[in-house]
Amino acid sequence: MKFRNIVLISVALLVTVLPLAAFTPKKEYTMQVNVTSAFDWGMGAQRFAELVAKKTNGLINIKPYYGSSLLAGKQTNWYQAVADGSIDFVVDSTINASSVIRSLNLFSLPFFINTYANVDKIENGKAGARIIADLEKGGLKFLAWGENGFRQITNSKREIKTPQDIVGLKVRVVGSPIFIDIFKQLGADPVNMNWADAVTAFQQGVVDGQENPKSVLTVVKIWEYHKYMTNWNYLIDPLIFGVNADLFKRFPADVQKQIQEAALEAGEYEKALARAYLDGNTSLNILKNKFKVSPLPKEPFALAVSKGMKITNLTPAEVAAFVAKTKPIYDKWVPLIGEDLYKAAQEDMK
Ligand code: X2X
């Protein structure tokens, strides 16, 4: 073989082999998750890790660390930890990052986003694109949306039907300022507490009430602590599937694509779990037909009722009283979130 051909072949070989050789995966990539694998959210995180392993033929091994164990329970620190690279991946709540990323508070404006169709329109619309851009400014690569769900209020003292019924109740909330503002505005006594301590607090009666979605309440068997639940859909708690941006950039293009696809698929699966029984048959059918889930999840509230829980569904007129009462939250928070983003969200929901 001519020398020139040998050189050409060697160069060609190097060009194809080098990018692969230059990438050596870590033995384990860490993932932050605030709840455990028993929750829809944790199951979504686990599915994500499994899909990444499968799609990359075992090259990328993600280990979920449940219960915010990498953050010593401090759930509101996840964004910083992933953005600075001390944690690699994340499947976590928008609320737990909303004290750092202001625009995420859009989802926490009381009674603003009131249907699943509206959440989806915002996430996939102009408002969602702006929020994703904000998330990515600080060093996170956004991969997909998931969902914790519409948050409902439960308590051990009395049925909540009117704003007056909340007055004076000690309510556990996440350490996010807008939640403190909302419950103060409602005349309650909000107590900021990490999820890691919350269930013990319910058990010991340190607080009278709390607010969380179906996906959380049924797993912790909230009826064992609280007799009353009011479905008021007052705000939505989306989840974010993400990864440290520098880390993501260093993955080869095919691995990036596989990770992206895994997150979208796990996000869709997780959302269907979180919405099961709350959107007619839509999510149940997605679980059954697309994800071949068998057996399907059980109806979530029948057990609660059989255990003596009183579930109250508010009429539109009853909701209107809460809307009126929480109006001042908009006066303070829309400027903080950004008028433009707020208007974009209204446009998206049209
Ligand atoms: O702490 C909560 O309430 C929880 C589990 O819903 C979140 O992480 C936002």
# chains A, B, ... in the order shown; residues from 1 in each chain; ligands from 1
$ residues_around --residues "region 192-204 of chain A" --least-positions-apart "3" --cutoff "9 Å" --atoms "only C-alpha atoms" --output "VMD selection string"
chain A and resid 34 to 35 67 to 68 73 to 76 171 to 176 179 to 180 207 to 210 220 222 224 to 226
$ residues_around --residues "Ala320 (chain A)" --least-positions-apart "3" --cutoff "12 Å" --atoms "only C-alpha atoms" --output "ChimeraX atom specification"
/A:110-112,161-163,232,234,314-317,323-327
$ closest_residue --among "A:Tyr65, A:Tyr228, A:Trp333, A:Trp78" --to "ligand 1" --atoms "only C-alpha atoms and all ligand atoms"
A:Trp78
$ residues_around --residues "Lys271 (chain A)" --least-positions-apart "2" --cutoff "6 Å" --atoms "only C-alpha atoms" --output "list in words"
Gly146, Glu147, Glu268, Tyr269, Leu273 and Ala274 of chain A
$ write_last_selection --atoms "C-alpha atoms" --output "short mmCIF file (atom, residue, chain, number, x, y, z; two decimals), in the first residue's frame"
data_model
loop_
_atom_site.label_atom_id
_atom_site.label_comp_id
_atom_site.auth_asym_id
_atom_site.auth_seq_id
_atom_site.Cartn_x
_atom_site.Cartn_y
_atom_site.Cartn_z
CA GLY A 146 -43.40 16.02 34.30
CA GLU A 147 -46.06 16.70 36.88
CA GLU A 268 -45.12 11.48 29.42
CA TYR A 269 -45.37 8.30 31.47
CA LEU A 273 -49.53 8.40 36.32
CA ALA A 274 -50.07 11.74 38.07
#
$ select_by_dssp --residues "region 49-109 of chain A" --states "helix (DSSP H, G or I)" --output "list in words"
Ala49, Glu50, Leu51, Val52, Ala53, Lys54, Lys55, Ser69, Leu70, Leu71, Gln75, Thr76, Asn77, Trp78, Tyr79, Gln80, Ala81, Val82, Ala83, Ile95, Asn96, Ala97, Arg102, Ser103, Leu104, Asn105, Leu106, Phe107 and Ser108 of chain A
$ write_last_selection --atoms "N, CA, C and O atoms" --output "short mmCIF file (atom, residue, chain, number, x, y, z; two decimals), in the first residue's frame"
data_model
loop_
_atom_site.label_atom_id
_atom_site.label_comp_id
_atom_site.auth_asym_id
_atom_site.auth_seq_id
_atom_site.Cartn_x
_atom_site.Cartn_y
_atom_site.Cartn_z
N ALA A 49 -34.18 6.90 34.38
CA ALA A 49 -32.86 6.26 34.54
C ALA A 49 -32.81 4.94 33.75
O ALA A 49 -31.82 4.65 33.06
N GLU A 50 -33.89 4.17 33.83
CA GLU A 50 -33.92 2.87 33.12
C GLU A 50 -33.87 3.07 31.61
O GLU A 50 -33.16 2.35 30.91
N LEU A 51 -34.62 4.04 31.12
CA LEU A 51 -34.65 4.29 29.67
C LEU A 51 -33.30 4.78 29.17
O LEU A 51 -32.86 4.42 28.08
N VAL A 52 -32.63 5.60 29.98
CA VAL A 52 -31.30 6.08 29.57
C VAL A 52 -30.33 4.89 29.49
O VAL A 52 -29.59 4.75 28.52
N ALA A 53 -30.39 4.02 30.49
CA ALA A 53 -29.50 2.84 30.48
C ALA A 53 -29.79 1.99 29.24
O ALA A 53 -28.87 1.54 28.54
N LYS A 54 -31.07 1.81 28.94
CA LYS A 54 -31.46 0.96 27.82
C LYS A 54 -31.04 1.59 26.49
O LYS A 54 -30.42 0.94 25.65
N LYS A 55 -31.37 2.86 26.32
CA LYS A 55 -31.10 3.51 25.04
C LYS A 55 -29.60 3.69 24.78
O LYS A 55 -29.17 3.74 23.63
N SER A 69 -31.78 13.08 49.47
CA SER A 69 -30.70 12.64 50.36
C SER A 69 -29.37 13.32 50.04
O SER A 69 -28.55 13.51 50.93
N LEU A 70 -29.18 13.73 48.79
CA LEU A 70 -27.93 14.42 48.45
C LEU A 70 -27.95 15.87 48.94
O LEU A 70 -26.91 16.54 48.94
N LEU A 71 -29.12 16.34 49.33
CA LEU A 71 -29.26 17.73 49.78
C LEU A 71 -29.57 17.80 51.27
O LEU A 71 -30.04 18.83 51.76
N GLN A 75 -34.86 20.47 50.08
CA GLN A 75 -35.42 20.31 48.74
C GLN A 75 -35.35 21.57 47.88
O GLN A 75 -35.29 21.48 46.67
N THR A 76 -35.34 22.73 48.53
CA THR A 76 -35.33 23.96 47.72
C THR A 76 -33.93 24.31 47.20
O THR A 76 -33.76 25.34 46.55
N ASN A 77 -32.96 23.45 47.46
CA ASN A 77 -31.59 23.71 46.97
C ASN A 77 -31.26 22.97 45.68
O ASN A 77 -30.11 23.00 45.22
N TRP A 78 -32.23 22.29 45.09
CA TRP A 78 -31.86 21.40 43.96
C TRP A 78 -31.32 22.17 42.77
O TRP A 78 -30.36 21.74 42.12
N TYR A 79 -31.93 23.31 42.46
CA TYR A 79 -31.52 24.00 41.23
C TYR A 79 -30.03 24.35 41.28
O TYR A 79 -29.27 24.06 40.34
N GLN A 80 -29.62 24.96 42.39
CA GLN A 80 -28.22 25.37 42.52
C GLN A 80 -27.29 24.18 42.41
O GLN A 80 -26.26 24.24 41.73
N ALA A 81 -27.65 23.07 43.07
CA ALA A 81 -26.77 21.89 43.08
C ALA A 81 -26.60 21.30 41.68
O ALA A 81 -25.51 20.87 41.31
N VAL A 82 -27.67 21.31 40.89
CA VAL A 82 -27.57 20.75 39.53
C VAL A 82 -26.87 21.76 38.61
O VAL A 82 -26.05 21.39 37.78
N ALA A 83 -27.19 23.03 38.79
CA ALA A 83 -26.59 24.05 37.93
C ALA A 83 -25.08 24.14 38.15
O ALA A 83 -24.33 24.38 37.20
N ILE A 95 -41.81 24.05 42.21
CA ILE A 95 -41.94 24.81 43.47
C ILE A 95 -40.62 24.82 44.22
O ILE A 95 -40.23 25.83 44.81
N ASN A 96 -39.92 23.68 44.16
CA ASN A 96 -38.66 23.59 44.90
C ASN A 96 -37.54 24.41 44.27
O ASN A 96 -36.45 24.50 44.83
N ALA A 97 -37.80 24.98 43.09
CA ALA A 97 -36.81 25.87 42.48
C ALA A 97 -37.33 27.30 42.36
O ALA A 97 -36.61 28.19 41.90
N ARG A 102 -37.41 32.97 39.46
CA ARG A 102 -38.66 33.72 39.71
C ARG A 102 -39.81 33.32 38.80
O ARG A 102 -40.96 33.23 39.23
N SER A 103 -39.51 33.11 37.51
CA SER A 103 -40.60 32.87 36.56
C SER A 103 -41.37 31.58 36.87
O SER A 103 -42.52 31.45 36.47
N LEU A 104 -40.75 30.66 37.60
CA LEU A 104 -41.47 29.43 37.96
C LEU A 104 -42.68 29.70 38.83
O LEU A 104 -43.60 28.88 38.92
N ASN A 105 -42.70 30.86 39.49
CA ASN A 105 -43.86 31.20 40.33
C ASN A 105 -45.13 31.41 39.51
O ASN A 105 -46.21 31.49 40.08
N LEU A 106 -44.99 31.49 38.20
CA LEU A 106 -46.18 31.58 37.34
C LEU A 106 -47.16 30.44 37.66
O LEU A 106 -48.37 30.64 37.71
N PHE A 107 -46.58 29.23 37.85
CA PHE A 107 -47.41 28.06 38.11
C PHE A 107 -48.10 28.13 39.48
O PHE A 107 -49.02 27.38 39.75
N SER A 108 -47.60 29.01 40.34
CA SER A 108 -48.14 29.10 41.71
C SER A 108 -49.08 30.28 41.91
O SER A 108 -49.49 30.55 43.03
#
$ atom_distance --atom1 "CA of Phe89 (chain A)" --atom2 "CA of Phe241 (chain A)"
7.7 Å
$ atom_distance --atom1 "CA of Ser294 (chain A)" --atom2 "CA of Gly280 (chain A)"
18.3 Å
$ closest_residue --among "A:Pro238, A:Pro190, A:Gly205, A:Gly168" --to "ligand 1" --atoms "only C-alpha atoms and all ligand atoms"
A:Pro238
$ closest_residue --among "A:Ala321, A:Val91, A:Val167, A:Ile286" --to "ligand 1" --atoms "only C-alpha atoms and all ligand atoms"
A:Val91
$ atom_distance --atom1 "CA of Leu140 (chain A)" --atom2 "CA of Arg250 (chain A)"
13.5 Å
$ select_by_dssp --residues "region 280-336 of chain A" --states "strand (DSSP E)" --output "PyMOL selection string"
chain A and resi 310-313
